[in-house]
Every structure is written in structure tokens, then in C-alpha cells.
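Peer 1: PDB, C-alpha atoms, pLDDT in the B column, file start.pdb:
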ATOM      1  CA  MET W 994       0.000   0.000   0.000  1.00 31.00           C
ATOM      2  CA  SER W 995       1.283   3.457  -0.890  1.00 39.00           C
ATOM      3  CA  ARG W 996       2.289   5.634   2.031  1.00 42.00           C
ATOM      4  CA  GLU W 997       2.539   9.390   2.102  1.00 49.00           C
ATOM      5  CA  HIS W 998       5.689  11.201   1.009  1.00 60.00           C
ATOM      6  CA  GLY W 999       5.472  14.660   2.474  1.00 83.00           C
ATOM      7  CA  LEU W1000       1.906  15.875   2.950  1.00 90.00           C
ATOM      8  CA  LEU W1001       0.303  14.251  -0.109  1.00 95.00           C
ATOM      9  CA  HIS W1002      -0.714  10.682  -0.827  1.00 94.00           C
ATOM     10  CA  GLN W1003       1.050   9.129  -3.800  1.00 94.00           C
ATOM     11  CA  LYS W1004      -2.123   8.709  -5.835  1.00 95.00           C
ATOM     12  CA  ARG W1005      -2.801  12.433  -5.526  1.00 96.00           C
ATOM     13  CA  ILE W1006       0.810  13.242  -6.472  1.00 97.00           C
ATOM     14  CA  LEU W1007       0.701  11.164  -9.645  1.00 97.00           C
ATOM     15  CA  GLU W1008      -2.687  12.515 -10.728  1.00 97.00           C
ATOM     16  CA  ALA W1009      -1.567  16.092 -10.088  1.00 98.00           C
ATOM     17  CA  LEU W1010       1.715  15.558 -11.957  1.00 98.00           C
ATOM     18  CA  SER W1011      -0.168  14.313 -15.010  1.00 98.00           C
ATOM     19  CA  ALA W1012      -2.562  17.288 -14.978  1.00 98.00           C
ATOM     20  CA  GLU W1013       0.047  19.964 -14.178  1.00 97.00           C
ATOM     21  CA  SER W1014       2.475  18.723 -16.829  1.00 98.00           C
ATOM     22  CA  LEU W1015      -0.274  18.786 -19.447  1.00 97.00           C
ATOM     23  CA  VAL W1016      -1.136  22.409 -18.644  1.00 95.00           C
ATOM     24  CA  LEU W1017       2.541  23.381 -18.773  1.00 96.00           C
ATOM     25  CA  GLY W1018       2.915  21.998 -22.272  1.00 95.00           C
ATOM     26  CA  GLU W1019      -0.290  23.637 -23.484  1.00 94.00           C
ATOM     27  CA  ALA W1020       1.074  27.090 -22.629  1.00 93.00           C
ATOM     28  CA  LEU W1021       3.532  26.721 -25.498  1.00 92.00           C
ATOM     29  CA  GLY W1022       0.684  26.988 -27.980  1.00 91.00           C
ATOM     30  CA  THR W1023      -0.734  30.198 -26.533  1.00 92.00           C
ATOM     31  CA  ALA W1024       2.230  32.577 -26.927  1.00 94.00           C
ATOM     32  CA  SER W1025       5.546  32.984 -28.681  1.00 95.00           C
ATOM     33  CA  ALA W1026       8.332  30.707 -27.485  1.00 95.00           C
ATOM     34  CA  ASP W1027      10.399  33.890 -27.107  1.00 96.00           C
ATOM     35  CA  ALA W1028       7.990  35.410 -24.569  1.00 97.00           C
ATOM     36  CA  PRO W1029       9.966  36.337 -21.425  1.00 96.00           C
ATOM     37  CA  VAL W1030       9.273  34.777 -18.028  1.00 95.00           C
ATOM     38  CA  PRO W1031       8.634  37.689 -15.610  1.00 91.00           C
ATOM     39  CA  ALA W1032       9.859  35.866 -12.501  1.00 87.00           C
ATOM     40  CA  CYS W1033      13.018  34.527 -14.175  1.00 88.00           C
ATOM     41  CA  PRO W1034      14.858  37.287 -16.069  1.00 89.00           C
ATOM     42  CA  GLY W1035      16.735  35.867 -19.035  1.00 91.00           C
ATOM     43  CA  TRP W1036      14.382  32.913 -19.495  1.00 94.00           C
ATOM     44  CA  SER W1037      11.763  32.577 -22.211  1.00 97.00           C
ATOM     45  CA  LEU W1038       8.660  30.422 -22.453  1.00 97.00           C
ATOM     46  CA  GLY W1039      10.395  28.078 -24.863  1.00 97.00           C
ATOM     47  CA  GLU W1040      13.451  27.755 -22.656  1.00 96.00           C
ATOM     48  CA  VAL W1041      11.293  26.782 -19.674  1.00 96.00           C
ATOM     49  CA  VAL W1042       9.524  24.093 -21.696  1.00 97.00           C
ATOM     50  CA  ARG W1043      12.862  22.756 -22.970  1.00 97.00           C
ATOM     51  CA  HIS W1044      14.264  22.802 -19.434  1.00 96.00           C
ATOM     52  CA  VAL W1045      11.364  20.809 -17.993  1.00 98.00           C
ATOM     53  CA  GLY W1046      11.388  18.366 -20.898  1.00 98.00           C
ATOM     54  CA  SER W1047      15.118  17.863 -20.334  1.00 97.00           C
ATOM     55  CA  VAL W1048      14.562  17.240 -16.620  1.00 97.00           C
ATOM     56  CA  TYR W1049      11.853  14.682 -17.400  1.00 98.00           C
ATOM     57  CA  ARG W1050      14.195  12.846 -19.778  1.00 97.00           C
ATOM     58  CA  MET W1051      17.070  12.997 -17.320  1.00 97.00           C
ATOM     59  CA  VAL W1052      15.000  11.606 -14.440  1.00 98.00           C
ATOM     60  CA  ARG W1053      13.622   8.786 -16.573  1.00 98.00           C
ATOM     61  CA  ARG W1054      17.169   7.863 -17.625  1.00 97.00           C
ATOM     62  CA  TRP W1055      18.301   8.061 -13.998  1.00 97.00           C
ATOM     63  CA  LEU W1056      15.548   5.654 -12.984  1.00 98.00           C
ATOM     64  CA  LEU W1057      16.267   3.244 -15.834  1.00 97.00           C
ATOM     65  CA  ASP W1058      20.052   3.228 -15.336  1.00 95.00           C
ATOM     66  CA  GLY W1059      20.075   3.459 -11.532  1.00 94.00           C
ATOM     67  CA  ARG W1060      22.604   6.285 -11.527  1.00 93.00           C
ATOM     68  CA  ARG W1061      22.714  10.014 -12.188  1.00 93.00           C
ATOM     69  CA  PRO W1062      23.202  10.793 -15.906  1.00 93.00           C
ATOM     70  CA  ASP W1063      26.335  12.684 -16.870  1.00 90.00           C
ATOM     71  CA  ALA W1064      24.283  15.410 -18.557  1.00 85.00           C
ATOM     72  CA  TRP W1065      20.718  16.567 -18.111  1.00 85.00           C
ATOM     73  CA  GLN W1066      20.124  19.350 -20.625  1.00 88.00           C
ATOM     74  CA  SER W1067      18.963  18.135 -24.037  1.00 91.00           C
ATOM     75  CA  ASP W1068      17.397  19.471 -27.213  1.00 90.00           C
ATOM     76  CA  PRO W1069      14.728  18.271 -29.613  1.00 93.00           C
ATOM     77  CA  ASP W1070      15.920  15.741 -32.148  1.00 91.00           C
ATOM     78  CA  GLU W1071      16.388  16.837 -35.740  1.00 93.00           C
ATOM     79  CA  GLY W1072      12.980  17.556 -37.215  1.00 93.00           C
ATOM     80  CA  GLN W1073      11.255  17.359 -33.818  1.00 96.00           C
ATOM     81  CA  SER W1074       9.393  20.433 -32.606  1.00 96.00           C
ATOM     82  CA  LEU W1075       9.743  21.690 -29.060  1.00 97.00           C
ATOM     83  CA  ALA W1076       6.140  20.704 -28.380  1.00 97.00           C
ATOM     84  CA  GLU W1077       6.833  17.169 -29.622  1.00 97.00           C
ATOM     85  CA  PHE W1078      10.037  16.987 -27.581  1.00 98.00           C
ATOM     86  CA  TYR W1079       8.201  17.987 -24.421  1.00 98.00           C
ATOM     87  CA  ALA W1080       5.210  15.691 -25.038  1.00 98.00           C
ATOM     88  CA  ALA W1081       7.466  12.676 -25.579  1.00 98.00           C
ATOM     89  CA  ALA W1082       9.496  13.450 -22.437  1.00 98.00           C
ATOM     90  CA  ARG W1083       6.317  13.902 -20.396  1.00 98.00           C
ATOM     91  CA  LEU W1084       4.810  10.630 -21.590  1.00 98.00           C
ATOM     92  CA  GLY W1085       8.026   8.706 -20.968  1.00 98.00           C
ATOM     93  CA  LEU W1086       8.377  10.001 -17.411  1.00 98.00           C
ATOM     94  CA  LEU W1087       4.744   9.365 -16.501  1.00 98.00           C
ATOM     95  CA  GLU W1088       4.930   5.824 -17.876  1.00 98.00           C
ATOM     96  CA  GLU W1089       8.037   5.067 -15.825  1.00 98.00           C
ATOM     97  CA  LEU W1090       6.697   6.566 -12.606  1.00 98.00           C
ATOM     98  CA  THR W1091       3.327   4.859 -13.006  1.00 98.00           C
ATOM     99  CA  ALA W1092       4.839   1.443 -13.728  1.00 98.00           C
ATOM    100  CA  HIS W1093       6.495   1.190 -10.301  1.00 97.00           C
ATOM    101  CA  ASP W1094       5.152   1.199  -6.765  1.00 96.00           C
ATOM    102  CA  PRO W1095       6.187   4.427  -5.007  1.00 96.00           C
ATOM    103  CA  GLU W1096       8.033   2.385  -2.367  1.00 96.00           C
ATOM    104  CA  THR W1097      10.221   0.687  -4.987  1.00 97.00           C
ATOM    105  CA  HIS W1098      13.890   1.537  -4.468  1.00 97.00           C
ATOM    106  CA  ALA W1099      15.322   4.195  -6.782  1.00 97.00           C
ATOM    107  CA  ASP W1100      18.559   6.141  -6.788  1.00 96.00           C
ATOM    108  CA  THR W1101      17.991   9.779  -5.754  1.00 96.00           C
ATOM    109  CA  TRP W1102      19.995  12.717  -4.483  1.00 93.00           C
ATOM    110  CA  TRP W1103      18.241  12.747  -1.089  1.00 92.00           C
ATOM    111  CA  PRO W1104      19.522  10.113   1.375  1.00 90.00           C
ATOM    112  CA  ALA W1105      16.288  10.311   3.382  1.00 90.00           C
ATOM    113  CA  ASP W1106      14.174   8.999   0.489  1.00 93.00           C
ATOM    114  CA  ARG W1107      15.512   6.656  -2.163  1.00 95.00           C
ATOM    115  CA  THR W1108      12.256   5.558  -3.770  1.00 97.00           C
ATOM    116  CA  TYR W1109      10.136   6.140  -6.836  1.00 97.00           C
ATOM    117  CA  GLY W1110       7.892   8.143  -4.525  1.00 97.00           C
ATOM    118  CA  PHE W1111      10.660  10.728  -4.139  1.00 97.00           C
ATOM    119  CA  TRP W1112      10.764  11.288  -7.884  1.00 98.00           C
ATOM    120  CA  ARG W1113       6.974  11.502  -8.170  1.00 98.00           C
ATOM    121  CA  ARG W1114       6.909  14.274  -5.577  1.00 97.00           C
ATOM    122  CA  ARG W1115      10.030  16.024  -6.909  1.00 97.00           C
ATOM    123  CA  MET W1116       8.679  16.087 -10.451  1.00 98.00           C
ATOM    124  CA  LEU W1117       5.297  17.373  -9.282  1.00 98.00           C
ATOM    125  CA  HIS W1118       6.780  20.485  -7.701  1.00 98.00           C
ATOM    126  CA  GLU W1119       9.293  20.965 -10.513  1.00 97.00           C
ATOM    127  CA  THR W1120       6.288  21.012 -12.808  1.00 98.00           C
ATOM    128  CA  VAL W1121       4.046  23.254 -10.692  1.00 98.00           C
ATOM    129  CA  VAL W1122       6.717  25.944 -10.366  1.00 97.00           C
ATOM    130  CA  HIS W1123       7.455  25.979 -14.076  1.00 97.00           C
ATOM    131  CA  ARG W1124       3.788  25.703 -15.015  1.00 96.00           C
ATOM    132  CA  ALA W1125       3.367  29.021 -13.214  1.00 95.00           C
ATOM    133  CA  ASP W1126       6.353  30.378 -15.183  1.00 95.00           C
ATOM    134  CA  THR W1127       4.889  29.383 -18.536  1.00 95.00           C
ATOM    135  CA  GLN W1128       1.447  30.758 -17.753  1.00 93.00           C
ATOM    136  CA  GLN W1129       2.917  34.091 -16.693  1.00 93.00           C
ATOM    137  CA  ALA W1130       5.076  34.194 -19.833  1.00 95.00           C
ATOM    138  CA  ALA W1131       1.976  33.533 -21.917  1.00 93.00           C
ATOM    139  CA  GLY W1132       0.243  36.491 -20.263  1.00 92.00           C
ATOM    140  CA  GLN W1133      -2.406  34.330 -18.636  1.00 88.00           C
ATOM    141  CA  ALA W1134      -4.163  35.138 -15.378  1.00 79.00           C
ATOM    142  CA  ALA W1135      -2.218  34.688 -12.146  1.00 78.00           C
ATOM    143  CA  PRO W1136      -1.561  30.959 -11.682  1.00 83.00           C
ATOM    144  CA  VAL W1137      -3.756  29.051  -9.268  1.00 93.00           C
ATOM    145  CA  ILE W1138      -2.138  26.313  -7.186  1.00 97.00           C
ATOM    146  CA  ASP W1139      -4.323  23.891  -5.255  1.00 97.00           C
ATOM    147  CA  GLU W1140      -3.885  24.415  -1.528  1.00 97.00           C
ATOM    148  CA  ASP W1141      -2.840  20.835  -0.740  1.00 97.00           C
ATOM    149  CA  ILE W1142      -0.199  20.965  -3.473  1.00 98.00           C
ATOM    150  CA  ALA W1143       1.048  24.361  -2.295  1.00 98.00           C
ATOM    151  CA  LEU W1144       1.384  23.070   1.281  1.00 98.00           C
ATOM    152  CA  ASP W1145       3.351  20.039   0.151  1.00 98.00           C
ATOM    153  CA  GLY W1146       5.530  22.284  -2.012  1.00 97.00           C
ATOM    154  CA  ILE W1147       6.277  24.431   1.030  1.00 98.00           C
ATOM    155  CA  ASP W1148       7.242  21.298   2.942  1.00 97.00           C
ATOM    156  CA  GLU W1149       9.549  20.178   0.120  1.00 96.00           C
ATOM    157  CA  ALA W1150      11.147  23.600  -0.277  1.00 97.00           C
ATOM    158  CA  LEU W1151      12.041  23.700   3.401  1.00 97.00           C
ATOM    159  CA  ALA W1152      12.995  20.080   4.112  1.00 94.00           C
ATOM    160  CA  LEU W1153      14.616  19.183   0.799  1.00 94.00           C
ATOM    161  CA  TRP W1154      15.997  22.357  -0.719  1.00 95.00           C
ATOM    162  CA  PHE W1155      16.758  24.400   2.386  1.00 96.00           C
ATOM    163  CA  GLY W1156      17.762  21.535   4.661  1.00 93.00           C
ATOM    164  CA  GLN W1157      19.470  19.275   2.089  1.00 93.00           C
ATOM    165  CA  LYS W1158      20.346  20.969  -1.190  1.00 92.00           C
ATOM    166  CA  LEU W1159      21.948  24.090   0.271  1.00 93.00           C
ATOM    167  CA  PRO W1160      24.393  22.077   2.432  1.00 92.00           C
ATOM    168  CA  MET W1161      25.188  19.932  -0.637  1.00 91.00           C
ATOM    169  CA  LEU W1162      26.122  23.143  -2.461  1.00 90.00           C
ATOM    170  CA  GLY W1163      28.292  24.265   0.458  1.00 92.00           C
ATOM    171  CA  LEU W1164      26.063  27.255   1.206  1.00 92.00           C
ATOM    172  CA  THR W1165      25.206  28.521   4.679  1.00 92.00           C
ATOM    173  CA  GLY W1166      23.596  31.522   6.294  1.00 94.00           C
ATOM    174  CA  THR W1167      25.471  34.588   7.457  1.00 94.00           C
ATOM    175  CA  ARG W1168      23.021  35.362  10.271  1.00 95.00           C
ATOM    176  CA  THR W1169      22.018  32.837  12.922  1.00 97.00           C
ATOM    177  CA  GLY W1170      18.362  32.545  13.760  1.00 97.00           C
ATOM    178  CA  SER W1171      15.070  30.888  12.977  1.00 98.00           C
ATOM    179  CA  VAL W1172      12.070  31.578  10.770  1.00 98.00           C
ATOM    180  CA  GLY W1173       8.642  30.185  11.559  1.00 98.00           C
ATOM    181  CA  VAL W1174       6.270  29.508   8.683  1.00 98.00           C
ATOM    182  CA  LEU W1175       2.527  29.242   9.376  1.00 98.00           C
ATOM    183  CA  THR W1176      -0.082  28.625   6.707  1.00 98.00           C
ATOM    184  CA  GLY W1177      -3.066  26.432   5.967  1.00 97.00           C
ATOM    185  CA  GLY W1178      -3.067  24.750   9.367  1.00 97.00           C
ATOM    186  CA  HIS W1179       0.587  23.659   9.060  1.00 98.00           C
ATOM    187  CA  SER W1180       3.757  25.103  10.537  1.00 98.00           C
ATOM    188  CA  TRP W1181       7.519  24.752  10.136  1.00 98.00           C
ATOM    189  CA  ILE W1182      10.786  26.086  11.537  1.00 98.00           C
ATOM    190  CA  ALA W1183      13.770  26.895   9.305  1.00 98.00           C
ATOM    191  CA  ARG W1184      16.978  27.603  11.193  1.00 97.00           C
ATOM    192  CA  ALA W1185      20.048  29.037   9.494  1.00 96.00           C
ATOM    193  CA  GLY W1186      23.530  30.100  10.439  1.00 94.00           C
ATOM    194  CA  PRO W1187      27.178  29.634   9.470  1.00 94.00           C
ATOM    195  CA  GLU W1188      27.173  26.170  11.049  1.00 91.00           C
ATOM    196  CA  GLU W1189      23.738  24.794  10.167  1.00 93.00           C
ATOM    197  CA  LEU W1190      20.797  24.791   7.808  1.00 95.00           C
ATOM    198  CA  VAL W1191      17.891  22.722   9.053  1.00 96.00           C
ATOM    199  CA  ALA W1192      14.104  22.764   8.807  1.00 96.00           C
ATOM    200  CA  TRP W1193      11.362  20.705  10.408  1.00 97.00           C
ATOM    201  CA  ARG W1194       7.615  20.575  10.889  1.00 97.00           C
ATOM    202  CA  CYS W1195       6.538  21.899  14.249  1.00 98.00           C
ATOM    203  CA  SER W1196       3.598  23.059  16.321  1.00 98.00           C
ATOM    204  CA  PRO W1197       2.113  26.516  15.708  1.00 98.00           C
ATOM    205  CA  GLU W1198       3.346  27.542  19.155  1.00 98.00           C
ATOM    206  CA  GLU W1199       6.938  26.647  18.274  1.00 98.00           C
ATOM    207  CA  ALA W1200       6.722  28.488  14.955  1.00 98.00           C
ATOM    208  CA  GLU W1201       5.371  31.572  16.704  1.00 98.00           C
ATOM    209  CA  ARG W1202       8.473  31.669  18.934  1.00 98.00           C
ATOM    210  CA  ALA W1203      10.858  31.963  15.968  1.00 98.00           C
ATOM    211  CA  ASP W1204      12.861  35.145  15.419  1.00 98.00           C
ATOM    212  CA  ASP W1205      10.860  35.984  12.278  1.00 98.00           C
ATOM    213  CA  VAL W1206       7.408  34.548  11.546  1.00 98.00           C
ATOM    214  CA  VAL W1207       6.125  34.252   7.974  1.00 98.00           C
ATOM    215  CA  SER W1208       2.416  33.799   7.294  1.00 97.00           C
ATOM    216  CA  GLY W1209      -0.028  34.098   4.436  1.00 96.00           C
ATOM    217  CA  HIS W1210      -2.044  32.041   1.974  1.00 96.00           C
ATOM    218  CA  PRO W1211      -0.364  28.716   1.053  1.00 97.00           C
ATOM    219  CA  GLN W1212      -0.123  29.622  -2.640  1.00 96.00           C
ATOM    220  CA  ARG W1213       1.548  32.936  -1.868  1.00 95.00           C
ATOM    221  CA  ILE W1214       4.070  31.338   0.491  1.00 97.00           C
ATOM    222  CA  PHE W1215       4.739  28.554  -2.021  1.00 97.00           C
ATOM    223  CA  LEU W1216       5.578  31.074  -4.744  1.00 96.00           C
ATOM    224  CA  TRP W1217       7.632  33.136  -2.283  1.00 96.00           C
ATOM    225  CA  LEU W1218       9.737  30.164  -1.175  1.00 96.00           C
ATOM    226  CA  TRP W1219      10.312  29.109  -4.770  1.00 94.00           C
ATOM    227  CA  GLY W1220      11.488  32.568  -5.761  1.00 91.00           C
ATOM    228  CA  ARG W1221       8.404  33.401  -7.822  1.00 91.00           C
ATOM    229  CA  ALA W1222       7.266  36.218  -5.550  1.00 88.00           C
ATOM    230  CA  SER W1223       9.107  39.205  -4.115  1.00 85.00           C
ATOM    231  CA  PRO W1224      10.462  39.266  -0.534  1.00 85.00           C
ATOM    232  CA  SER W1225       7.536  41.517   0.421  1.00 86.00           C
ATOM    233  CA  ALA W1226       4.851  39.167  -0.935  1.00 90.00           C
ATOM    234  CA  VAL W1227       4.216  37.539   2.455  1.00 96.00           C
ATOM    235  CA  SER W1228       3.472  38.825   5.937  1.00 97.00           C
ATOM    236  CA  VAL W1229       6.533  38.845   8.203  1.00 97.00           C
ATOM    237  CA  ARG W1230       6.577  39.552  11.920  1.00 97.00           C
ATOM    238  CA  GLY W1231       9.992  40.355  13.312  1.00 97.00           C
ATOM    239  CA  SER W1232      13.086  42.085  12.000  1.00 93.00           C
ATOM    240  CA  ARG W1233      12.554  40.588   8.504  1.00 94.00           C
ATOM    241  CA  ASP W1234      16.313  39.994   8.211  1.00 96.00           C
ATOM    242  CA  LEU W1235      16.101  36.259   8.796  1.00 97.00           C
ATOM    243  CA  ALA W1236      13.069  35.876   6.545  1.00 97.00           C
ATOM    244  CA  ALA W1237      14.972  37.746   3.831  1.00 95.00           C
ATOM    245  CA  GLN W1238      17.927  35.410   4.356  1.00 96.00           C
ATOM    246  CA  LEU W1239      15.652  32.363   3.995  1.00 96.00           C
ATOM    247  CA  TRP W1240      14.253  33.761   0.744  1.00 95.00           C
ATOM    248  CA  ALA W1241      17.705  34.560  -0.639  1.00 94.00           C
ATOM    249  CA  LEU W1242      19.151  31.143   0.283  1.00 95.00           C
ATOM    250  CA  LEU W1243      16.270  29.308  -1.349  1.00 94.00           C
ATOM    251  CA  ARG W1244      16.735  31.415  -4.493  1.00 89.00           C
ATOM    252  CA  LEU W1245      20.263  30.008  -4.666  1.00 88.00           C
ATOM    253  CA  ALA W1246      19.118  26.427  -4.086  1.00 86.00           C
ATOM    254  CA  THR W1247      16.198  26.414  -6.524  1.00 81.00           C
ATOM    255  CA  ARG W1248      17.473  28.602  -9.388  1.00 68.00           C
TER     256      ARG W1248
END
The structure given in the file should be rewritten as C-alpha cells.
Peer 2:
Amino acid sequence: MSREHGLLHQKRILEALSAESLVLGEALGTASADAPVPACPGWSLGEVVRHVGSVYRMVRRWLLDGRRPDAWQSDPDEGQSLAEFYAAARLGLLEELTAHDPETHADTWWPADRTYGFWRRRMLHETVVHRADTQQAAGQAAPVIDEDIALDGIDEALALWFGQKLPMLGLTGTRTGSVGVLTGGHSWIARAGPEELVAWRCSPEEAERADDVVSGHPQRIFLWLWGRASPSAVSVRGSRDLAAQLWALLRLATR
């Protein structure tokens, strides 16, 4: 039986990944591939689609080979359109993730979770973030992210990217202190400093005792943590310095 990875059940993750990835690809047909992505200066709509398609292909190869591929960025084959490249990568990834139980062992870059379930969840949030990018580039209305997905994306941003990826990159904070995050009935602590970067789920009372406390709607905090909203997009109680540090560190981890 499938267990939960993060805050979402695996069935929900896989269904959401299929739907979100379809919407992402459809954005390519609504605007020029050269349309800029407002939240990511220097990126275009087409470049985002190629990036996500490349990630899908890389992850599928990683799962099939059992080891990290030497390269991850790829381009459409000769005569293949970008839309065809993305659609083929999407289908291949979904087939591979669907064919295996989420508890099946898989090589990953997170020691705490070496399963197919890790990649289902990782690809969901990779897709949601970039789906928002493509919709904004296409000039569509502000992206809507389901609350349960946003909450799980907050959990992943803090536990995986802040607590795991930043140390892997050799990055630390310059100021020591904690940030509490409260939204949608869930709460977390993220603690940073020159010697540590760690985050965990906690009680609302513990989060309220942090040096800075961030609150707001789950979608807004999700976009803020993933660098798709400005530092002032959320409510912060405290000096704001530690919340600003959290935002800046996650920008480095998730760029």
C-alpha cells in the first residue's frame, strides 16, 4: 500500500503531476516561445519548456540506469518540434513513474528517500513551479495552485531544498536565527547560520516563537519560497532579516 511522502498521498501526487504537466505543455501553444518569463529574467517560455522536458528525460534515464546521468540538458531531435520533444518526455516520465510502486527503491539525491515516490513528488513540484512560469510568460491570469499541493511544495522547499540541497552546495547563512512559517493549518521552523541549515515541521506555538514569523495564503508562500514572488509578498513579523535570508538562500538552491 502506498504511504505518504510529504503531505500528499502518492495517488494524488501522480494525478496532479499528469494534470500539471499537461497544462505546462499547453502554454507553449498560446504565446511565442520567445515570450519572457517575468519571474526569471533571461528565461523565455520556450526555454522553460525545454528545461522541464530535459529534466523529465534525465529523471527517466536516472531511474532506468540506476545512476545520475552525466548530462541533463537536451534538445529536440532533428525535425522534432519543441512541443513534440516535451510531449514525448512527459509521456516517458509518466509511464516510468506509473509502472512502479512508489516504495520501490530508486537512486535519488536525497539520502532520506531513495524511492520512486521521491521522484513523483520532486517532479510534481518541478512542474508546478514551471507551469506558473509558462502561464505568466503567456500572459495568462495569475496561476492558481491547489492548496494541498502548495502546502506540500512548502514542505519540500524547506525540508529538501533548504535543509538538504543548500548544504550539498556548500552554502550557509550569514546570520544565525530561525524563521517560523505558518499557513493552511501547518507550521515549520527553518533555522540558518554559518554552522547549520535545518528545517522541520513543528507546532504553531513553536513556529510563533521563531525570530521571524512568515504567514499568508499557502499559494503565496509557495511562490515566495520558490522565488516566484518578491520578498515583500508575504506577511513577516519580526526584523525581517532572517526571513529575507531564507528567501535569498532558497533562491540560490532552486534557481
Peer 1: Just say which residues the PyMOL selection byres ((chain W and resi 1107-1124) around 8) picks in this file, as a tab-separated table (two decimals) with C-alpha atoms, in the frame of the given file.
Peer 2:
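As written to disk, result35.tsv reads:
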chain	number	residue	atom	x	y	z
W	998	HIS	CA	5.69	11.20	1.01
W	1003	GLN	CA	1.05	9.13	-3.80
W	1006	ILE	CA	0.81	13.24	-6.47
W	1007	LEU	CA	0.70	11.16	-9.64
W	1009	ALA	CA	-1.57	16.09	-10.09
W	1010	LEU	CA	1.72	15.56	-11.96
W	1013	GLU	CA	0.05	19.96	-14.18
W	1014	SER	CA	2.48	18.72	-16.83
W	1016	VAL	CA	-1.14	22.41	-18.64
W	1017	LEU	CA	2.54	23.38	-18.77
W	1041	VAL	CA	11.29	26.78	-19.67
W	1045	VAL	CA	11.36	20.81	-17.99
W	1049	TYR	CA	11.85	14.68	-17.40
W	1052	VAL	CA	15.00	11.61	-14.44
W	1090	LEU	CA	6.70	6.57	-12.61
W	1093	HIS	CA	6.50	1.19	-10.30
W	1094	ASP	CA	5.15	1.20	-6.76
W	1095	PRO	CA	6.19	4.43	-5.01
W	1096	GLU	CA	8.03	2.38	-2.37
W	1097	THR	CA	10.22	0.69	-4.99
W	1098	HIS	CA	13.89	1.54	-4.47
W	1099	ALA	CA	15.32	4.20	-6.78
W	1100	ASP	CA	18.56	6.14	-6.79
W	1101	THR	CA	17.99	9.78	-5.75
W	1102	TRP	CA	20.00	12.72	-4.48
W	1103	TRP	CA	18.24	12.75	-1.09
W	1104	PRO	CA	19.52	10.11	1.38
W	1105	ALA	CA	16.29	10.31	3.38
W	1106	ASP	CA	14.17	9.00	0.49
W	1125	ALA	CA	3.37	29.02	-13.21
W	1126	ASP	CA	6.35	30.38	-15.18
W	1127	THR	CA	4.89	29.38	-18.54
W	1128	GLN	CA	1.45	30.76	-17.75
W	1138	ILE	CA	-2.14	26.31	-7.19
W	1146	GLY	CA	5.53	22.28	-2.01
W	1216	LEU	CA	5.58	31.07	-4.74
W	1219	TRP	CA	10.31	29.11	-4.77
Peer 1: Taking 4 positions as the minimum chain separation for residues in the same chain, which residues sit within 9 Å of Val1048 in chain W when counting all atoms listed in the file? Answer as a compact mmCIF listing (two decimals) with C-alpha atoms, in the coordinates of the input.
Peer 2:
# COMPACT_ATOMS: atom_id res chain seq x y z
CA ARG W 1043 12.86 22.76 -22.97
CA HIS W 1044 14.26 22.80 -19.43
CA VAL W 1052 15.00 11.61 -14.44
CA ARG W 1053 13.62 8.79 -16.57
CA TRP W 1065 20.72 16.57 -18.11
CA GLN W 1066 20.12 19.35 -20.62
CA SER W 1067 18.96 18.14 -24.04
CA ALA W 1082 9.50 13.45 -22.44
CA MET W 1116 8.68 16.09 -10.45
CA GLU W 1119 9.29 20.96 -10.51
Peer 1: If the PyMOL selection byres ((chain W and resi 1223-1234) around 6) is run on the structure shown, which residues does it catch, given as a ChimeraX atom specification?
Peer 2: /W:1205-1209,1222,1235-1237
Peer 1: My list of candidates is W:Glu1077, W:Asp1063, W:Leu1057, W:Asp1070. Which is closest to Glu1089 in chain W when distances are computed with only C-alpha atoms?
Peer 2: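 Looking only at the distances to Glu1089 in chain W, the closest residue turns out to be W:Leu1057.
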Peer 1: Extending 3 Å beyond the listed atoms of range 1196-1200 of chain W on each side, what axis-aligned box results? I want centre and edge lengths in Å to one decimal, as AutoDock Vina command-line options.
Peer 2:
--center_x 4.5 --center_y 25.8 --center_z 17.1 --size_x 10.8 --size_y 11.4 --size_z 10.2
Peer 1: Distance CA of Gly1220 in chain W-CA of Asp1145 in chain W, one decimal place?
Peer 2: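 Atom-to-atom, CA of Gly1220 in chain W to CA of Asp1145 in chain W, that is 16.1 Å.
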Peer 1: Starting from the PyMOL selection byres ((chain W and resi 1185) around 10), expand the selection into actual residues of this file and give them as a list in words.
Peer 2: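 Applied to this file, the PyMOL selection byres ((chain W and resi 1185) around 10) selects Phe1155, Gly1156, Thr1165, Gly1166, Thr1167, Arg1168, Thr1169, Gly1170, Ser1171, Val1172, Ile1182, Ala1183, Arg1184, Gly1186, Pro1187, Glu1188, Glu1189, Leu1190, Val1191, Ala1192, Leu1235, Gln1238, Leu1239 and Leu1242 of chain W.
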Peer 1: Using all atoms listed in the file, find the one residue out of W:Leu1218, W:Leu1001, W:Ala1012, W:Ala1130 that sits nearest to Thr1247 in chain W.
Peer 2: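 Under the stated criterion, the closest residue is W:Leu1218.
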Peer 1: Could you please determine the separation between CA of Phe1078 in chain W and CA of Gly1039 in chain W in Å, to one decimal place?
Peer 2: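 Between CA of Phe1078 in chain W and CA of Gly1039 in chain W the gap works out to 11.4 Å.
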Peer 1: Work out how far CA of Ala1064 in chain W is from CA of Phe1215 in chain W, in Å to one decimal.
Peer 2: 28.8 Å
Peer 1: Given the choices W:Leu1243, W:Arg1221, W:Gln1129, W:Leu1175, which gets closest to Arg1202 in chain W if the distance is worked out from only C-alpha atoms?
Peer 2: W:Leu1175
Peer 1: Extract, using only C-alpha atoms, all DNA, RNA and protein residues at most 7 Å from Tyr1079 in chain W, discarding same-chain residues fewer than 5 positions from it, and format them as a PyMOL selection string.
Peer 2: chain W and resi 1018+1042-1043+1046
Peer 1: Store the residues picked out above, limited to C-alpha atoms, as a PDB file, keeping the file's coordinate frame.
Peer 2:
ATOM      1  CA  GLY W1018       2.915  21.998 -22.272  1.00 95.00           C
ATOM      2  CA  VAL W1042       9.524  24.093 -21.696  1.00 97.00           C
ATOM      3  CA  ARG W1043      12.862  22.756 -22.970  1.00 97.00           C
ATOM      4  CA  GLY W1046      11.388  18.366 -20.898  1.00 98.00           C
TER       5      GLY W1046
END
Peer 1: Using all atoms listed in the file, pick whichever of W:Pro1160, W:Pro1197, W:Gly1022, W:Gly1178 has the shortest atom-to-atom distance to Ala1246 in chain W.
Peer 2: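 Comparing W:Pro1160, W:Pro1197, W:Gly1022, W:Gly1178 against Ala1246 in chain W, the winner is W:Pro1160.
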